[in-house]
Amino acid sequence: MHKNLPDPNYFLNRKIPSMEDYEIVEFKGKGNNALVFRAHSDKANNDFACKIIPKANLAQGWKAEIDKANILKTRIVVKFSHLGDWIDKNNGIECIYLISEFVNGATLEKYAKQQKGLISVSFIELFLKAIFSFFNDMQRCRVDHGDLHAKNIMVEDRSDQLGEDDHAFRVTDFGVTTATSGGTAKDDYEQLATVVRLLLANVNYSLASSRDKYVFNIINDNFLARHLTERDTTRDSLARQPSKLFKRLEKADEDFVVEQRKVSQEARLVTPFDYLSCEQIGDSHSLLKALYSRMFLGLQQIESRNNLVLTGPRGCGKSTVFKSLSLRHRSLVSDNDPKEIQYIGIYYRCDDLYFAFPRYTLPDKPTAYDIPMHYITSVLLHEVLDTVELWSRHHFSDEFAKNEGYVATKIWDVLSLEPPREPGVNTFKAIRFRLQKEMRRAAKKQRFISTEQPIGYYFGPEILLRSCETMIKMFSFLQQRPFYFFVDDYSIPKITSKLQRNLNRLLMQRSSSCFFKISTESPISYMRSDIDGKEYVEGREFELLNLGLVYLTAQPHKILLFLEDVFTRRFKTIPEYPVSKLEELVGNYKLPPANDMALAFRNGEKPELWGKEVLGKLCSGDIFYIISLVKRMVAAIGEQAGLSSLKDSPKISKDFQKRAIREEAGSFMNSLRGIKDGEQLVEVVTAFGKVAHSYMRFKNSKNEERNPPYLASRIEPLEELKLSSYAHVIYSELLRYSLFIEDPRGKSRRGRIVPRLFLRRALLPHFNLTFSNRDSIQLANKDFESLLMHPKKFEKTFELRKPEDSSQMIMKDLFKNPTDNSN
């Protein structure tokens, strides 16, 4: 919507007030809040860009926002050199004008359209390096652009300049969004990801050189899928770090040379600690098969015939298990024997859903609600058709060839789409081709639903189910084999709460032909309702599986068997690696009982923490963390060469292990500081850890014989939590980053089940705590609020400083009035 904008024709051929040498000569375009012109001076023989903004569109403090650009050193920013008033009340003109350098070039959006299918990978590399340099300057100055879309990036053609790159990039409208009323700053990295996606879509991959294909994949699989969209700096050390992103891109040529030297083009591990996430593995299905362990805890529940919401600490293997269970993957690694296939697994990661519907909110027109449904139905059905054809051609080629045409006819009917009038229309390939067009149509329509144009026909939530039911009825090899849709990374804020509530109309459907398995990063990143007002109840519409909780309650030997299998698989992939089993690397030390460990702490001693059993105890499902920890240990002794030179058993000494365990926990805590509210999260965890340690030192457990030390690593609220707004934000972030693992099966308090919170197990050694789950620190609502809002005050109040310190506000005081919520 263009607000308060005057008629552009008024300004044409007029002199700029206070700049009489410059005349407005050309209208270049308009945004929601401003008009843009080219101004020319015959006297100076040069041009300026002139942006005109109605004063009614300006926000309070607008000038400070405009001035932000001037503190940057980088030349990429088009800075404003002059501003003034343009007032003509007789013609209803009350505006300001902003003068900047006129960039003679096209917007990046226009350039991409002109070069459709012709953009080179080197062009994208040049663009990214320029933007990362720009981001680095912004980070140094602590400012953001806030509206970095393809219309605000100009492309200059400099191919006629000796010694320069063929193109240069200039960023416009710095500070304009936040300077205008109603303008909301958007995330620069997420917007950059959208721009990169646009550029990659216009590369002709098939014609690219092997080097450019390699770099394309690096940008697509690493930068786009992870580095640019990841907010969690504990999960990705390159996230939000422009200087590191710049260096990573510069290293692409060096990495390509290394790759070329490999005997096989198939991705493989150089060290056992490469490819810590499924996204990094990309389409290397043989490597995924080599690393995936069927001992994965929770696998039986994942493969059950129920709708499922899967969550757990980041790096717990959600993506790996989902992708490994897909029939496409199993077909590509020759693991698709019909005798072993109980369901048709369809894997879908939500990256392109995010790019198609960023920051989605429900449109004003109810008729537009089905646009995202149309998109995801097209995506999933496309994958269904492709997977069924792939598998059937391996094992049921005759039946597929016989029935494909008839089944395709029925699917066209279900879709209510007019088939093209051409040969070969009644094939799965033809339907897939049409579904690709439908995806693009839905994504494009979403951008223009505010116009007066009619919405048109889009798929409802029933289309996918009906299509799958049609195939199951008509192909004998699909009967008794339902479809399992493994929908990965379905997480707020990436997939907004409004978009989830819209799509839940499909993804929470219950049927005998389709089961939906959704992975989300934490229990609070999934909406349990839809836009029709239906609430989805755990245990009825879906099962919730929190892998963090699975590891807290699993038998220790099962955790250890899984970890041993994970490392054995990784060691096997490296030719002549010095160890083949985890025990050879770290040994096997039997931990003393928790009470003995606590008494050792009381005596000023630090218990031994080394060996494979400790690794199992440290694991809260965060496999990524455990592998990184062992990587730190191996690095400390000189990597593979250092291992080979050692004759000791285990290879890594207990001292190295103990140091690495504490350093890795400290490194994790420090990495949290780089995220939003990170300092507060660290203070909350630190306050609880110190209080829990003081209880272990100075308080005894009265529920056990011989009054052993009080071993508390969990919080047990005494009542239903009723938190203030900011406290609720911090609580949600503690769960999002799995600093605490929520156990919803907690204790009943006044007829309500109040969840308990377990401290992440990897942090227990950091606070000198044992691995026991025996005791709890019980908190009333006001005290839990105090922990979240004022952690240092909480620590001062609750930390014990001598045995059974009666001066502290501890247990007996809490029971006097456990429902008091006053601060």
# chains A, B, ... in the order shown; residues from 1 in each chain; ligands from 1

call {"tool": "select_by_dssp", "arguments": {"residues": "segment 48-108 of chain A", "states": "helix (DSSP H, G or I)", "output": "PyMOL selection string"}}
result
chain A and resi 55-57+62-71+89-91+108

call {"tool": "residues_around", "arguments": {"residues": "Val682 of chain A", "least_positions_apart": "3", "cutoff": "12 Å", "atoms": "only C-alpha atoms", "output": "JSON, numbers by chain"}}
result
{"A": [665, 666, 667, 668, 669, 670, 671, 672, 673, 674, 675, 676, 677, 678, 679, 685, 686, 687, 688, 689, 730, 733, 734, 737, 739, 740, 763, 787, 788, 791, 792]}

call {"tool": "write_last_selection", "arguments": {"atoms": "N, CA, C and O atoms", "output": "tab-separated table (two decimals), in the first residue's frame"}}
result
chain	number	residue	atom	x	y	z
A	665	ALA	N	32.05	-27.40	27.96
A	665	ALA	CA	30.88	-26.83	28.62
A	665	ALA	C	31.02	-25.32	28.73
A	665	ALA	O	30.07	-24.56	28.48
A	666	GLY	N	32.22	-24.84	29.09
A	666	GLY	CA	32.45	-23.40	29.17
A	666	GLY	C	32.32	-22.72	27.83
A	666	GLY	O	31.77	-21.62	27.71
A	667	SER	N	32.83	-23.39	26.78
A	667	SER	CA	32.72	-22.85	25.42
A	667	SER	C	31.27	-22.74	24.99
A	667	SER	O	30.86	-21.76	24.36
A	668	PHE	N	30.49	-23.77	25.35
A	668	PHE	CA	29.06	-23.74	25.02
A	668	PHE	C	28.38	-22.56	25.71
A	668	PHE	O	27.59	-21.84	25.11
A	669	MET	N	28.68	-22.35	26.98
A	669	MET	CA	28.08	-21.24	27.72
A	669	MET	C	28.48	-19.90	27.11
A	669	MET	O	27.66	-18.99	26.96
A	670	ASN	N	29.74	-19.77	26.72
A	670	ASN	CA	30.19	-18.51	26.12
A	670	ASN	C	29.53	-18.25	24.77
A	670	ASN	O	29.22	-17.11	24.43
A	671	SER	N	29.31	-19.32	24.01
A	671	SER	CA	28.68	-19.14	22.69
A	671	SER	C	27.25	-18.65	22.82
A	671	SER	O	26.73	-18.01	21.91
A	672	LEU	N	26.61	-18.93	23.96
A	672	LEU	CA	25.24	-18.45	24.16
A	672	LEU	C	25.18	-16.93	24.23
A	672	LEU	O	24.15	-16.33	23.91
A	673	ARG	N	26.27	-16.33	24.63
A	673	ARG	CA	26.25	-14.87	24.82
A	673	ARG	C	26.03	-14.13	23.51
A	673	ARG	O	25.65	-12.96	23.51
A	674	GLY	N	26.28	-14.79	22.40
A	674	GLY	CA	26.13	-14.13	21.10
A	674	GLY	C	24.71	-14.10	20.58
A	674	GLY	O	24.46	-13.48	19.54
A	675	ILE	N	23.76	-14.74	21.25
A	675	ILE	CA	22.38	-14.76	20.77
A	675	ILE	C	21.55	-13.75	21.54
A	675	ILE	O	21.97	-13.24	22.59
A	676	LYS	N	20.38	-13.45	21.05
A	676	LYS	CA	19.49	-12.51	21.72
A	676	LYS	C	19.16	-13.05	23.12
A	676	LYS	O	18.81	-14.22	23.28
A	677	ASP	N	19.25	-12.19	24.10
A	677	ASP	CA	19.00	-12.55	25.51
A	677	ASP	C	20.00	-13.58	26.01
A	677	ASP	O	19.78	-14.21	27.06
A	678	GLY	N	21.11	-13.77	25.31
A	678	GLY	CA	22.07	-14.79	25.68
A	678	GLY	C	22.69	-14.54	27.05
A	678	GLY	O	22.91	-15.48	27.82
A	679	GLU	N	23.02	-13.29	27.35
A	679	GLU	CA	23.62	-12.98	28.65
A	679	GLU	C	22.67	-13.37	29.78
A	679	GLU	O	23.09	-13.91	30.80
A	685	VAL	N	21.20	-19.84	34.10
A	685	VAL	CA	21.79	-21.18	34.27
A	685	VAL	C	22.87	-21.16	35.34
A	685	VAL	O	22.96	-22.07	36.17
A	686	THR	N	23.70	-20.11	35.33
A	686	THR	CA	24.78	-19.99	36.31
A	686	THR	C	24.21	-19.88	37.73
A	686	THR	O	24.71	-20.54	38.67
A	687	ALA	N	23.17	-19.07	37.90
A	687	ALA	CA	22.56	-18.91	39.23
A	687	ALA	C	22.02	-20.24	39.73
A	687	ALA	O	22.26	-20.63	40.88
A	688	PHE	N	21.30	-20.96	38.86
A	688	PHE	CA	20.78	-22.26	39.29
A	688	PHE	C	21.91	-23.23	39.60
A	688	PHE	O	21.87	-23.97	40.59
A	689	GLY	N	22.93	-23.27	38.73
A	689	GLY	CA	24.04	-24.19	38.95
A	689	GLY	C	24.75	-23.94	40.26
A	689	GLY	O	25.09	-24.89	40.99
A	730	ILE	N	12.18	-15.65	28.48
A	730	ILE	CA	13.41	-16.32	28.93
A	730	ILE	C	13.17	-17.80	29.16
A	730	ILE	O	14.00	-18.65	28.79
A	733	GLU	N	13.18	-19.50	25.85
A	733	GLU	CA	14.51	-19.60	25.26
A	733	GLU	C	15.35	-20.66	25.98
A	733	GLU	O	16.17	-21.33	25.35
A	734	LEU	N	15.16	-20.81	27.28
A	734	LEU	CA	15.87	-21.88	28.00
A	734	LEU	C	15.50	-23.25	27.43
A	734	LEU	O	16.35	-24.15	27.32
A	737	TYR	N	16.91	-23.64	23.56
A	737	TYR	CA	18.33	-24.01	23.45
A	737	TYR	C	18.68	-25.20	24.34
A	737	TYR	O	19.85	-25.50	24.54
A	739	LEU	N	18.81	-25.68	27.42
A	739	LEU	CA	19.58	-25.47	28.63
A	739	LEU	C	18.91	-26.21	29.78
A	739	LEU	O	19.58	-26.68	30.71
A	740	PHE	N	17.60	-26.28	29.72
A	740	PHE	CA	16.83	-27.15	30.59
A	740	PHE	C	15.97	-28.05	29.71
A	740	PHE	O	15.47	-27.62	28.67
A	763	LEU	N	26.25	-29.72	31.18
A	763	LEU	CA	26.65	-28.60	32.03
A	763	LEU	C	26.89	-29.02	33.47
A	763	LEU	O	27.39	-28.21	34.27
A	787	LEU	N	14.23	-16.16	39.52
A	787	LEU	CA	15.35	-16.81	38.82
A	787	LEU	C	15.45	-16.33	37.39
A	787	LEU	O	16.55	-16.04	36.89
A	788	LEU	N	14.32	-16.22	36.71
A	788	LEU	CA	14.31	-15.83	35.29
A	788	LEU	C	14.59	-14.34	35.10
A	788	LEU	O	15.28	-13.95	34.16
A	791	PRO	N	18.42	-13.23	38.13
A	791	PRO	CA	19.16	-14.43	38.54
A	791	PRO	C	20.20	-14.19	39.63
A	791	PRO	O	20.40	-15.03	40.50
A	792	LYS	N	20.87	-13.04	39.59
A	792	LYS	CA	21.89	-12.79	40.62
A	792	LYS	C	21.24	-12.59	41.99
A	792	LYS	O	21.78	-13.02	43.01

call {"tool": "closest_residue", "arguments": {"among": "A:Phe396, A:Phe571, A:Tyr589, A:Tyr457", "to": "Val270 of chain A", "atoms": "only C-alpha atoms"}}
result
A:Phe571

call {"tool": "select_by_dssp", "arguments": {"residues": "segment 243-379 of chain A", "states": "strand (DSSP E)", "output": "PyMOL selection string"}}
result
chain A and resi 308-311+344-349

call {"tool": "decode", "arguments": {"residues": "segment 689-718 of chain A", "atoms": "N, CA and C atoms", "output": "short mmCIF file (atom, residue, chain, number, x, y, z; two decimals), in the first residue's frame"}}
result
data_model
loop_
_atom_site.label_atom_id
_atom_site.label_comp_id
_atom_site.auth_asym_id
_atom_site.auth_seq_id
_atom_site.Cartn_x
_atom_site.Cartn_y
_atom_site.Cartn_z
N GLY A 689 22.93 -23.27 38.73
CA GLY A 689 24.04 -24.19 38.95
C GLY A 689 24.75 -23.94 40.26
N LYS A 690 24.93 -22.68 40.61
CA LYS A 690 25.61 -22.36 41.87
C LYS A 690 24.74 -22.72 43.07
N VAL A 691 23.45 -22.45 42.97
CA VAL A 691 22.55 -22.81 44.07
C VAL A 691 22.50 -24.33 44.24
N ALA A 692 22.40 -25.05 43.13
CA ALA A 692 22.36 -26.52 43.20
C ALA A 692 23.64 -27.06 43.82
N HIS A 693 24.78 -26.46 43.46
CA HIS A 693 26.06 -26.91 44.03
C HIS A 693 26.10 -26.64 45.52
N SER A 694 25.56 -25.48 45.96
CA SER A 694 25.56 -25.18 47.40
C SER A 694 24.66 -26.15 48.16
N TYR A 695 23.58 -26.59 47.56
CA TYR A 695 22.71 -27.58 48.21
C TYR A 695 23.47 -28.90 48.38
N MET A 696 24.24 -29.26 47.36
CA MET A 696 25.00 -30.50 47.44
C MET A 696 26.04 -30.42 48.56
N ARG A 697 26.63 -29.27 48.75
CA ARG A 697 27.69 -29.11 49.76
C ARG A 697 27.12 -29.01 51.18
N PHE A 698 26.00 -28.31 51.33
CA PHE A 698 25.57 -27.94 52.68
C PHE A 698 24.21 -28.50 53.12
N LYS A 699 23.54 -29.21 52.24
CA LYS A 699 22.21 -29.72 52.60
C LYS A 699 22.21 -31.24 52.43
N ASN A 700 21.47 -31.90 53.28
CA ASN A 700 21.36 -33.35 53.19
C ASN A 700 19.96 -33.75 52.74
N SER A 701 19.88 -34.88 52.04
CA SER A 701 18.59 -35.39 51.58
C SER A 701 17.91 -36.15 52.70
N LYS A 702 16.74 -35.66 53.13
CA LYS A 702 16.06 -36.26 54.28
C LYS A 702 15.19 -37.44 53.88
N ASN A 703 15.09 -37.70 52.57
CA ASN A 703 14.23 -38.79 52.11
C ASN A 703 15.01 -40.09 51.92
N GLU A 704 16.27 -40.08 52.24
CA GLU A 704 17.10 -41.26 52.05
C GLU A 704 17.71 -41.66 53.39
N GLU A 705 18.05 -42.93 53.53
CA GLU A 705 18.75 -43.39 54.73
C GLU A 705 20.13 -42.74 54.82
N ARG A 706 20.59 -42.52 55.99
CA ARG A 706 21.92 -41.97 56.28
C ARG A 706 22.08 -40.52 55.84
N ASN A 707 20.97 -39.86 55.44
CA ASN A 707 21.02 -38.43 55.08
C ASN A 707 22.20 -38.08 54.15
N PRO A 708 22.20 -38.64 52.94
CA PRO A 708 23.30 -38.35 52.01
C PRO A 708 23.20 -36.91 51.50
N PRO A 709 24.23 -36.42 50.78
CA PRO A 709 24.17 -35.05 50.23
C PRO A 709 22.96 -34.87 49.31
N TYR A 710 22.47 -33.65 49.29
CA TYR A 710 21.29 -33.30 48.49
C TYR A 710 21.73 -33.11 47.04
N LEU A 711 21.27 -33.99 46.16
CA LEU A 711 21.74 -34.01 44.76
C LEU A 711 20.64 -33.50 43.84
N ALA A 712 20.62 -32.20 43.63
CA ALA A 712 19.55 -31.58 42.84
C ALA A 712 20.13 -30.99 41.56
N SER A 713 19.64 -31.47 40.43
CA SER A 713 20.00 -30.86 39.15
C SER A 713 18.73 -30.53 38.36
N ARG A 714 17.62 -30.46 39.07
CA ARG A 714 16.36 -30.13 38.40
C ARG A 714 15.56 -29.17 39.26
N ILE A 715 14.64 -28.47 38.58
CA ILE A 715 13.72 -27.54 39.24
C ILE A 715 12.35 -28.20 39.28
N GLU A 716 11.70 -28.11 40.43
CA GLU A 716 10.34 -28.63 40.56
C GLU A 716 9.43 -27.50 41.03
N PRO A 717 8.68 -26.90 40.12
CA PRO A 717 7.76 -25.83 40.54
C PRO A 717 6.70 -26.38 41.50
N LEU A 718 6.37 -25.57 42.49
CA LEU A 718 5.38 -25.98 43.48
C LEU A 718 3.96 -25.67 43.06
#
